[in-house]
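**Q** Structure file upload-v1.csv (CSV, N, CA and C atoms) right here:
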```csv
chain,number,residue,atom,x,y,z
W,1,MET,N,23.1,23.8,-8.2
W,1,MET,CA,22.8,23.0,-7.0
W,1,MET,C,21.9,21.8,-7.5
W,2,ASN,N,22.1,20.7,-6.8
W,2,ASN,CA,21.3,19.6,-7.0
W,2,ASN,C,19.8,19.9,-6.8
W,3,GLY,N,19.0,19.6,-7.8
W,3,GLY,CA,17.6,19.9,-7.8
W,3,GLY,C,16.9,19.4,-6.6
W,4,SER,N,17.1,18.1,-6.3
W,4,SER,CA,16.4,17.5,-5.1
W,4,SER,C,16.8,18.1,-3.8
W,5,ARG,N,18.1,18.4,-3.7
W,5,ARG,CA,18.6,19.0,-2.5
W,5,ARG,C,18.0,20.4,-2.3
W,6,GLN,N,17.9,21.2,-3.4
W,6,GLN,CA,17.3,22.5,-3.3
W,6,GLN,C,15.8,22.4,-2.9
W,7,GLN,N,15.1,21.4,-3.5
W,7,GLN,CA,13.7,21.2,-3.2
W,7,GLN,C,13.5,20.8,-1.7
W,8,ARG,N,14.4,20.0,-1.1
W,8,ARG,CA,14.3,19.7,0.3
W,8,ARG,C,14.6,20.9,1.1
W,9,MET,N,15.5,21.7,0.8
W,9,MET,CA,15.8,23.0,1.5
W,9,MET,C,14.6,23.9,1.5
W,10,ARG,N,14.0,24.0,0.3
W,10,ARG,CA,12.8,24.9,0.1
W,10,ARG,C,11.7,24.4,0.9
W,11,ALA,N,11.5,23.0,1.0
W,11,ALA,CA,10.4,22.4,1.7
W,11,ALA,C,10.6,22.7,3.2
W,12,ARG,N,11.8,22.6,3.7
W,12,ARG,CA,12.1,22.9,5.1
W,12,ARG,C,11.8,24.3,5.4
W,13,SER,N,12.2,25.2,4.6
W,13,SER,CA,11.9,26.7,4.8
W,13,SER,C,10.4,26.9,4.8
W,14,ARG,N,9.7,26.2,3.9
W,14,ARG,CA,8.2,26.4,3.8
W,14,ARG,C,7.6,25.9,5.1
W,15,ALA,N,8.1,24.7,5.6
W,15,ALA,CA,7.5,24.2,6.8
W,15,ALA,C,7.7,25.1,8.0
W,16,LEU,N,8.9,25.8,8.0
W,16,LEU,CA,9.2,26.7,9.1
W,16,LEU,C,8.2,27.9,9.0
W,17,ARG,N,8.0,28.4,7.8
W,17,ARG,CA,7.1,29.5,7.6
W,17,ARG,C,5.7,29.2,8.0
W,18,GLU,N,5.2,27.9,7.7
W,18,GLU,CA,3.9,27.5,8.1
W,18,GLU,C,3.8,27.4,9.6
W,19,ALA,N,4.8,26.9,10.2
W,19,ALA,CA,4.8,26.7,11.7
W,19,ALA,C,4.8,28.1,12.3
W,20,PHE,N,5.5,29.1,11.7
W,20,PHE,CA,5.5,30.4,12.2
W,20,PHE,C,4.1,31.1,12.1
W,21,ASP,N,3.4,30.8,10.9
W,21,ASP,CA,2.1,31.4,10.7
W,21,ASP,C,1.1,30.8,11.7
W,22,ALA,N,1.3,29.6,12.2
W,22,ALA,CA,0.3,29.0,13.1
W,22,ALA,C,0.3,29.6,14.5
W,23,LEU,N,1.3,30.4,14.8
W,23,LEU,CA,1.4,31.0,16.1
W,23,LEU,C,0.4,32.1,16.2
W,24,ASP,N,-0.3,32.2,17.3
W,24,ASP,CA,-1.4,33.2,17.5
W,24,ASP,C,-0.9,34.4,18.4
W,25,TYR,N,-1.0,34.2,19.7
W,25,TYR,CA,-0.5,35.2,20.6
W,25,TYR,C,1.0,35.2,20.8
W,26,LEU,N,1.7,36.3,20.9
W,26,LEU,CA,3.1,36.4,21.1
W,26,LEU,C,3.3,37.5,22.2
W,27,ALA,N,4.1,37.1,23.2
W,27,ALA,CA,4.5,38.0,24.2
W,27,ALA,C,5.8,37.6,24.9
W,28,SER,N,6.6,38.6,25.1
W,28,SER,CA,7.9,38.3,25.8
W,28,SER,C,7.7,38.5,27.3
W,29,GLY,N,8.6,38.1,28.1
W,29,GLY,CA,8.6,38.4,29.5
W,29,GLY,C,8.5,37.1,30.3
W,30,THR,N,8.2,37.3,31.6
W,30,THR,CA,8.1,36.2,32.6
W,30,THR,C,6.8,36.3,33.3
W,31,LEU,N,6.2,35.1,33.5
W,31,LEU,CA,5.0,35.0,34.3
W,31,LEU,C,5.3,34.3,35.6
W,32,LEU,N,5.0,35.0,36.7
W,32,LEU,CA,5.3,34.4,38.0
W,32,LEU,C,3.9,34.1,38.7
W,33,THR,N,4.0,33.0,39.4
W,33,THR,CA,2.8,32.6,40.3
W,33,THR,C,3.3,32.8,41.7
W,34,ARG,N,2.6,33.6,42.5
W,34,ARG,CA,3.1,33.9,43.8
W,34,ARG,C,2.0,33.7,44.8
W,35,THR,N,2.4,33.4,46.0
W,35,THR,CA,1.5,33.4,47.2
W,35,THR,C,2.1,34.4,48.2
W,36,LYS,N,1.2,35.0,49.0
W,36,LYS,CA,1.7,36.1,49.8
W,36,LYS,C,1.2,36.0,51.3
W,37,VAL,N,2.0,36.6,52.1
W,37,VAL,CA,1.6,36.7,53.6
W,37,VAL,C,1.0,38.1,53.7
W,38,CYS,N,-0.1,38.1,54.4
W,38,CYS,CA,-0.9,39.4,54.5
W,38,CYS,C,-0.3,40.3,55.6
W,39,GLY,N,0.3,39.8,56.6
W,39,GLY,CA,0.9,40.7,57.6
W,39,GLY,C,0.2,40.8,58.9
W,40,ARG,N,-1.0,40.2,58.9
W,40,ARG,CA,-1.8,40.2,60.2
W,40,ARG,C,-1.3,39.0,61.0
W,41,ALA,N,-1.0,39.3,62.3
W,41,ALA,CA,-0.4,38.3,63.2
W,41,ALA,C,-1.3,37.1,63.5
W,42,ASN,N,-2.7,37.4,63.5
W,42,ASN,CA,-3.6,36.3,63.8
W,42,ASN,C,-4.1,35.5,62.6
W,43,CYS,N,-3.5,35.8,61.4
W,43,CYS,CA,-3.9,35.1,60.2
W,43,CYS,C,-3.1,33.8,60.0
W,44,ARG,N,-3.7,32.7,59.5
W,44,ARG,CA,-3.0,31.5,59.3
W,44,ARG,C,-1.8,31.6,58.4
W,45,CYS,N,-1.8,32.5,57.5
W,45,CYS,CA,-0.6,32.7,56.6
W,45,CYS,C,0.6,33.0,57.3
W,46,ALA,N,0.5,33.6,58.5
W,46,ALA,CA,1.7,34.0,59.2
W,46,ALA,C,2.5,32.8,59.8
W,47,ILE,N,1.7,31.7,60.0
W,47,ILE,CA,2.3,30.6,60.6
W,47,ILE,C,2.6,29.4,59.6
W,48,ASP,N,1.6,29.2,58.7
W,48,ASP,CA,1.6,28.1,57.8
W,48,ASP,C,1.9,28.5,56.4
W,49,PRO,N,3.1,28.2,55.8
W,49,PRO,CA,3.4,28.6,54.4
W,49,PRO,C,2.3,28.0,53.4
W,50,ALA,N,1.7,26.9,53.7
W,50,ALA,CA,0.7,26.3,52.8
W,50,ALA,C,-0.6,27.1,52.8
W,51,ALA,N,-0.8,28.0,53.8
W,51,ALA,CA,-2.0,28.8,54.0
W,51,ALA,C,-1.8,30.2,53.4
W,52,ARG,N,-0.8,30.5,52.7
W,52,ARG,CA,-0.6,31.8,52.2
W,52,ARG,C,-1.7,32.2,51.2
W,53,HIS,N,-1.9,33.5,51.0
W,53,HIS,CA,-2.9,34.0,50.1
W,53,HIS,C,-2.5,33.9,48.7
W,54,GLY,N,-3.4,33.6,47.8
W,54,GLY,CA,-3.1,33.5,46.4
W,54,GLY,C,-3.6,32.2,45.8
W,55,PRO,N,-3.1,31.9,44.7
W,55,PRO,CA,-2.0,32.4,43.9
W,55,PRO,C,-2.3,33.7,43.2
W,56,TYR,N,-1.3,34.5,43.1
W,56,TYR,CA,-1.4,35.8,42.3
W,56,TYR,C,-0.5,35.6,41.1
W,57,TYR,N,-0.9,36.2,40.0
W,57,TYR,CA,-0.1,36.0,38.8
W,57,TYR,C,0.5,37.4,38.4
W,58,GLU,N,1.8,37.4,38.2
W,58,GLU,CA,2.5,38.7,37.9
W,58,GLU,C,3.3,38.5,36.6
W,59,TRP,N,3.1,39.4,35.7
W,59,TRP,CA,3.7,39.3,34.4
W,59,TRP,C,4.7,40.5,34.3
W,60,THR,N,6.0,40.2,34.0
W,60,THR,CA,7.0,41.2,33.9
W,60,THR,C,7.6,41.1,32.5
W,61,ARG,N,7.7,42.3,31.9
W,61,ARG,CA,8.3,42.4,30.6
W,61,ARG,C,8.9,43.7,30.4
W,62,ARG,N,9.7,43.9,29.3
W,62,ARG,CA,10.3,45.1,28.9
W,62,ARG,C,9.4,45.8,27.9
W,63,SER,N,9.2,47.1,28.1
W,63,SER,CA,8.4,47.9,27.2
W,63,SER,C,9.1,49.3,27.0
W,64,GLU,N,9.5,49.6,25.8
W,64,GLU,CA,10.2,50.8,25.5
W,64,GLU,C,11.4,51.1,26.4
W,65,GLY,N,12.1,50.0,26.7
W,65,GLY,CA,13.4,50.1,27.4
W,65,GLY,C,13.2,50.1,28.9
W,66,HIS,N,11.9,50.0,29.4
W,66,HIS,CA,11.6,49.9,30.8
W,66,HIS,C,11.0,48.6,31.2
W,67,LEU,N,11.3,48.2,32.4
W,67,LEU,CA,10.8,47.0,33.0
W,67,LEU,C,9.4,47.3,33.5
W,68,VAL,N,8.4,46.6,33.1
W,68,VAL,CA,7.0,46.9,33.6
W,68,VAL,C,6.4,45.6,34.2
W,69,HIS,N,5.6,45.8,35.2
W,69,HIS,CA,5.0,44.7,35.9
W,69,HIS,C,3.5,44.8,35.9
W,70,TYR,N,2.8,43.7,35.7
W,70,TYR,CA,1.4,43.7,35.7
W,70,TYR,C,0.9,42.5,36.7
W,71,VAL,N,-0.1,42.8,37.4
W,71,VAL,CA,-0.8,41.7,38.2
W,71,VAL,C,-2.0,41.4,37.3
W,72,VAL,N,-2.1,40.1,36.9
W,72,VAL,CA,-3.1,39.7,35.9
W,72,VAL,C,-4.0,38.6,36.6
W,73,SER,N,-5.2,38.5,36.0
W,73,SER,CA,-6.1,37.5,36.4
W,73,SER,C,-5.7,36.1,36.0
W,74,PRO,N,-6.3,35.0,36.6
W,74,PRO,CA,-5.9,33.7,36.2
W,74,PRO,C,-6.2,33.4,34.7
W,75,GLU,N,-7.3,34.0,34.2
W,75,GLU,CA,-7.6,33.8,32.8
W,75,GLU,C,-6.6,34.5,31.9
W,76,GLN,N,-6.2,35.7,32.3
W,76,GLN,CA,-5.1,36.4,31.5
W,76,GLN,C,-3.8,35.7,31.6
W,77,ALA,N,-3.5,35.1,32.8
W,77,ALA,CA,-2.3,34.4,33.0
W,77,ALA,C,-2.2,33.2,32.0
W,78,GLN,N,-3.3,32.5,31.8
W,78,GLN,CA,-3.3,31.4,30.9
W,78,GLN,C,-2.9,31.8,29.5
W,79,LEU,N,-3.5,33.0,29.0
W,79,LEU,CA,-3.2,33.5,27.7
W,79,LEU,C,-1.8,34.0,27.6
W,80,ILE,N,-1.3,34.6,28.7
W,80,ILE,CA,0.1,35.1,28.7
W,80,ILE,C,1.1,34.0,28.6
W,81,LYS,N,0.8,32.9,29.3
W,81,LYS,CA,1.6,31.7,29.3
W,81,LYS,C,1.7,31.2,27.9
W,82,ILE,N,0.6,31.1,27.2
W,82,ILE,CA,0.6,30.6,25.8
W,82,ILE,C,1.4,31.6,24.9
W,83,ALA,N,1.2,32.9,25.1
W,83,ALA,CA,1.9,33.9,24.3
W,83,ALA,C,3.4,33.8,24.6
W,84,ILE,N,3.8,33.6,25.8
W,84,ILE,CA,5.3,33.5,26.1
W,84,ILE,C,5.8,32.3,25.5
W,85,ASP,N,5.1,31.2,25.6
W,85,ASP,CA,5.6,29.9,24.9
W,85,ASP,C,5.7,30.1,23.4
W,86,ASN,N,4.7,30.8,22.8
W,86,ASN,CA,4.7,31.0,21.4
W,86,ASN,C,5.9,31.9,21.0
W,87,TYR,N,6.2,32.9,21.8
W,87,TYR,CA,7.3,33.8,21.6
W,87,TYR,C,8.6,33.1,21.5
W,88,ARG,N,8.8,32.2,22.5
W,88,ARG,CA,10.0,31.4,22.5
W,88,ARG,C,10.1,30.5,21.3
W,89,GLU,N,8.9,29.9,20.9
W,89,GLU,CA,8.9,29.0,19.7
W,89,GLU,C,9.2,29.9,18.5
W,90,ALA,N,8.7,31.1,18.4
W,90,ALA,CA,8.9,32.0,17.3
W,90,ALA,C,10.4,32.3,17.2
W,91,GLN,N,11.0,32.5,18.3
W,91,GLN,CA,12.5,32.8,18.3
W,91,GLN,C,13.2,31.6,17.8
W,92,ARG,N,12.8,30.4,18.2
W,92,ARG,CA,13.5,29.1,17.8
W,92,ARG,C,13.3,28.9,16.2
W,93,LEU,N,12.0,29.2,15.8
W,93,LEU,CA,11.7,29.0,14.4
W,93,LEU,C,12.5,30.1,13.5
W,94,LEU,N,12.6,31.3,14.0
W,94,LEU,CA,13.3,32.3,13.2
W,94,LEU,C,14.8,31.9,13.1
W,95,ALA,N,15.4,31.4,14.2
W,95,ALA,CA,16.8,31.0,14.2
W,95,ALA,C,17.0,29.9,13.2
W,96,ALA,N,16.0,28.9,13.2
W,96,ALA,CA,16.1,27.8,12.2
W,96,ALA,C,15.9,28.3,10.8
W,97,TRP,N,15.0,29.2,10.6
W,97,TRP,CA,14.7,29.7,9.3
W,97,TRP,C,16.0,30.5,8.8
W,98,GLU,N,16.6,31.2,9.7
W,98,GLU,CA,17.8,32.0,9.3
W,98,GLU,C,18.9,31.0,8.9
W,99,ARG,N,19.1,29.9,9.6
W,99,ARG,CA,20.1,28.9,9.3
W,99,ARG,C,19.8,28.2,7.9
W,100,GLU,N,18.5,27.9,7.7
W,100,GLU,CA,18.1,27.3,6.4
W,100,GLU,C,18.4,28.3,5.3
W,101,THR,N,18.1,29.5,5.5
W,101,THR,CA,18.3,30.5,4.4
W,101,THR,C,19.8,30.7,4.1
W,102,ALA,N,20.6,30.8,5.1
W,102,ALA,CA,22.0,30.9,4.9
W,102,ALA,C,22.6,29.6,4.2
W,103,ALA,N,22.1,28.5,4.6
W,103,ALA,CA,22.6,27.2,4.0
W,103,ALA,C,22.2,27.2,2.5
W,104,GLU,N,21.0,27.6,2.2
W,104,GLU,CA,20.5,27.6,0.9
W,104,GLU,C,21.3,28.6,0.0
W,105,ILE,N,21.5,29.8,0.5
W,105,ILE,CA,22.2,30.8,-0.2
W,105,ILE,C,23.7,30.4,-0.4
W,106,LEU,N,24.3,29.9,0.7
W,106,LEU,CA,25.7,29.5,0.6
W,106,LEU,C,25.9,28.3,-0.3
W,107,GLN,N,24.9,27.4,-0.3
W,107,GLN,CA,25.0,26.2,-1.2
W,107,GLN,C,24.9,26.6,-2.6
W,108,GLU,N,24.0,27.6,-2.9
W,108,GLU,CA,23.8,28.1,-4.3
W,108,GLU,C,25.2,28.7,-4.7
W,109,LYS,N,25.7,29.5,-3.9
W,109,LYS,CA,27.0,30.2,-4.2
W,109,LYS,C,28.1,29.2,-4.4
W,110,ALA,N,28.1,28.1,-3.5
W,110,ALA,CA,29.2,27.1,-3.6
W,110,ALA,C,29.0,26.3,-4.9
W,111,SER,N,27.8,26.1,-5.3
W,111,SER,CA,27.6,25.3,-6.6
W,111,SER,C,28.0,26.2,-7.8
W,112,ASN,N,27.7,27.5,-7.7
W,112,ASN,CA,28.1,28.4,-8.7
W,112,ASN,C,29.6,28.6,-8.8
W,113,VAL,N,30.2,28.7,-7.6
W,113,VAL,CA,31.7,28.8,-7.6
W,113,VAL,C,32.3,27.6,-8.1
W,114,GLY,N,31.8,26.4,-7.6
W,114,GLY,CA,32.3,25.1,-8.1
W,114,GLY,C,32.3,25.0,-9.6
W,115,ALA,N,31.2,25.4,-10.2
W,115,ALA,CA,31.0,25.3,-11.6
W,115,ALA,C,32.0,26.2,-12.3
W,116,SER,N,32.2,27.4,-11.8
W,116,SER,CA,33.1,28.3,-12.5
W,116,SER,C,34.6,27.8,-12.3
W,117,ARG,N,34.9,27.2,-11.2
W,117,ARG,CA,36.2,26.6,-11.0
W,117,ARG,C,36.5,25.5,-12.0
W,118,ALA,N,35.5,24.7,-12.1
W,118,ALA,CA,35.6,23.5,-13.1
W,118,ALA,C,35.8,24.0,-14.5
W,119,SER,N,35.0,25.1,-14.9
W,119,SER,CA,35.1,25.6,-16.2
W,119,SER,C,36.5,26.3,-16.4
W,120,ARG,N,37.0,26.9,-15.4
W,120,ARG,CA,38.3,27.5,-15.5
W,120,ARG,C,39.4,26.5,-15.6
W,121,ARG,N,39.3,25.4,-14.9
W,121,ARG,CA,40.2,24.3,-15.0
W,121,ARG,C,40.2,23.7,-16.4
W,122,ARG,N,39.0,23.5,-16.9
W,122,ARG,CA,38.9,22.9,-18.3
W,122,ARG,C,39.5,23.8,-19.3
W,123,LYS,N,39.2,25.1,-19.2
W,123,LYS,CA,39.8,26.1,-20.1
W,123,LYS,C,41.3,26.1,-20.0
W,124,SER,N,41.8,26.0,-18.7
W,124,SER,CA,43.3,26.0,-18.5
W,124,SER,C,43.9,24.8,-19.2
W,125,ARG,N,43.3,23.7,-19.1
W,125,ARG,CA,43.8,22.4,-19.7
W,125,ARG,C,43.8,22.6,-21.2
W,126,GLU,N,42.7,23.2,-21.7
W,126,GLU,CA,42.6,23.3,-23.2
W,126,GLU,C,43.7,24.3,-23.7
W,127,MET,N,44.0,25.3,-22.9
W,127,MET,CA,45.0,26.3,-23.3
W,127,MET,C,46.4,25.6,-23.3
W,128,ARG,N,46.6,24.8,-22.2
W,128,ARG,CA,47.9,24.1,-22.2
W,128,ARG,C,48.1,23.1,-23.3
W,129,GLY,N,47.0,22.5,-23.7
W,129,GLY,CA,47.0,21.5,-24.8
W,129,GLY,C,47.3,22.2,-26.1
W,130,GLN,N,46.8,23.4,-26.3
W,130,GLN,CA,47.0,24.2,-27.5
W,130,GLN,C,48.5,24.7,-27.6
W,131,LYS,N,49.0,25.1,-26.5
W,131,LYS,CA,50.4,25.6,-26.4
W,131,LYS,C,51.4,24.5,-26.8
W,132,SER,N,51.1,23.3,-26.3
W,132,SER,CA,52.1,22.2,-26.5
W,132,SER,C,51.9,21.6,-27.9
W,133,GLY,N,50.9,22.0,-28.6
W,133,GLY,CA,50.7,21.5,-30.0
W,133,GLY,C,49.9,20.2,-30.0
W,134,LYS,N,49.2,19.8,-29.0
W,134,LYS,CA,48.5,18.5,-29.0
W,134,LYS,C,47.1,18.7,-29.6
```
Once more with this new file: its structure as structure tokens, please.

**A**
Amino acid sequence: MNGSRQQRMRARSRALREAFDALDYLASGTLLTRTKVCGRANCRCAIDPAARHGPYYEWTRRSEGHLVHYVVSPEQAQLIKIAIDNYREAQRLLAAWERETAAEILQEKASNVGASRASRRRKSREMRGQKSGK
């Protein structure tokens, strides 16, 4: 493989690993912000949607094959939002890293195959030249 091309591929893989290492919190799931109606007839929330109670933060995720729900504090919600964003970025980085790895491996294989084909062609030409007496 061309040395500079391989160096560029390795540099991209190294950059992906560094970006992956920079992620701190990771969490899957969904974070919802909700407001609620309390159910009392004389409360403002029963009449005015802008006066609903909340916001309340709910985190939903899968754990051991089950869907689990958590009501979390605003401080926890901030961290969970960062963790979910990081998780999505980690998935994107892993997919890019996988593509880079496959491209590098397949490029190495293609250059090795190309070299062997060229050497086989050269040998074939040499053999044909020897048979014809040239």

**Q** Taking only N, CA and C atoms into account, name the residue in W:Ile80, W:Ala102, W:Ala95, W:Val68 that is nearest to Ala27 in chain W.

**A**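 The shortest atom-to-atom distance to Ala27 in chain W comes from W:Ile80.
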
**Q** Work out how far atom C of Asn42 in chain W is from atom N of Pro55 in chain W, in Å to one decimal.

**A**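 Atom C of Asn42 in chain W lies 18.3 Å from atom N of Pro55 in chain W.
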
**Q** Any idea what's packed within 7 Å of range 13-18 of chain W, counting only N, CA and C atoms, ignoring anything in its chain fewer than 3 positions away? Could you give it as a CSV table (one decimal) with N, CA and C atoms, keeping the file's coordinate frame?

**A**
```csv
chain,number,residue,atom,x,y,z
W,8,ARG,N,14.4,20.0,-1.1
W,8,ARG,CA,14.3,19.7,0.3
W,8,ARG,C,14.6,20.9,1.1
W,9,MET,N,15.5,21.7,0.8
W,9,MET,CA,15.8,23.0,1.5
W,9,MET,C,14.6,23.9,1.5
W,10,ARG,N,14.0,24.0,0.3
W,10,ARG,CA,12.8,24.9,0.1
W,10,ARG,C,11.7,24.4,0.9
W,21,ASP,N,3.4,30.8,10.9
W,21,ASP,CA,2.1,31.4,10.7
W,21,ASP,C,1.1,30.8,11.7
W,22,ALA,N,1.3,29.6,12.2
W,22,ALA,CA,0.3,29.0,13.1
W,22,ALA,C,0.3,29.6,14.5
W,23,LEU,N,1.3,30.4,14.8
W,23,LEU,CA,1.4,31.0,16.1
W,23,LEU,C,0.4,32.1,16.2
W,93,LEU,N,12.0,29.2,15.8
W,93,LEU,CA,11.7,29.0,14.4
W,93,LEU,C,12.5,30.1,13.5
W,97,TRP,N,15.0,29.2,10.6
W,97,TRP,CA,14.7,29.7,9.3
W,97,TRP,C,16.0,30.5,8.8
W,100,GLU,N,18.5,27.9,7.7
W,100,GLU,CA,18.1,27.3,6.4
W,100,GLU,C,18.4,28.3,5.3
W,101,THR,N,18.1,29.5,5.5
W,101,THR,CA,18.3,30.5,4.4
W,101,THR,C,19.8,30.7,4.1
```

**Q** Quote the spacing between CA of Tyr87 in chain W and atom C of His69 in chain W in Å to one decimal place.

**A**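 Interatomic distance, CA of Tyr87 in chain W to atom C of His69 in chain W: 18.4 Å.
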
**Q** Using only C-alpha atoms, which of W:Gly54, W:Glu75, W:Gly3, W:Asp24 sits nearest Val37 in chain W?

**A**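 The shortest atom-to-atom distance to Val37 in chain W comes from W:Gly54.
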
**Q** What is the atom C of Cys43 in chain W-atom N of Trp59 in chain W distance in Å, reported with one decimal?

**A**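 Result for atom C of Cys43 in chain W versus atom N of Trp59 in chain W: 25.7 Å, one decimal.
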
**Q** From range 5-102 of chain W, collect each residue whose DSSP state is alpha helix (DSSP H) and return the set as an NGL selection string.

**A** :W and (5-21 or 74-102)

**Q** Which one of W:Arg40, W:Cys45, W:Ala83, W:Gly29 sits closest to Thr60 in chain W if you count only N, CA and C atoms?

**A** W:Gly29

**Q** Quick one: DSSP strand (DSSP E) residues in range 20-57 of chain W, as an MDAnalysis selection string?

**A** chainID W and resid 30:36 53:57

**Q** Nearest to Ala19 in chain W: which of W:Leu31, W:Ala50, W:Ala90, W:Ala77 is it, counting only C-alpha atoms?

**A**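 Closest candidate: W:Ala90.
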
**Q** Between W:Gln91, W:Arg34, W:Phe20, W:Pro49, which is the closest to Val71 in chain W once you count only C-alpha atoms?

**A**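 Closest residue, counting only C-alpha atoms: W:Arg34.
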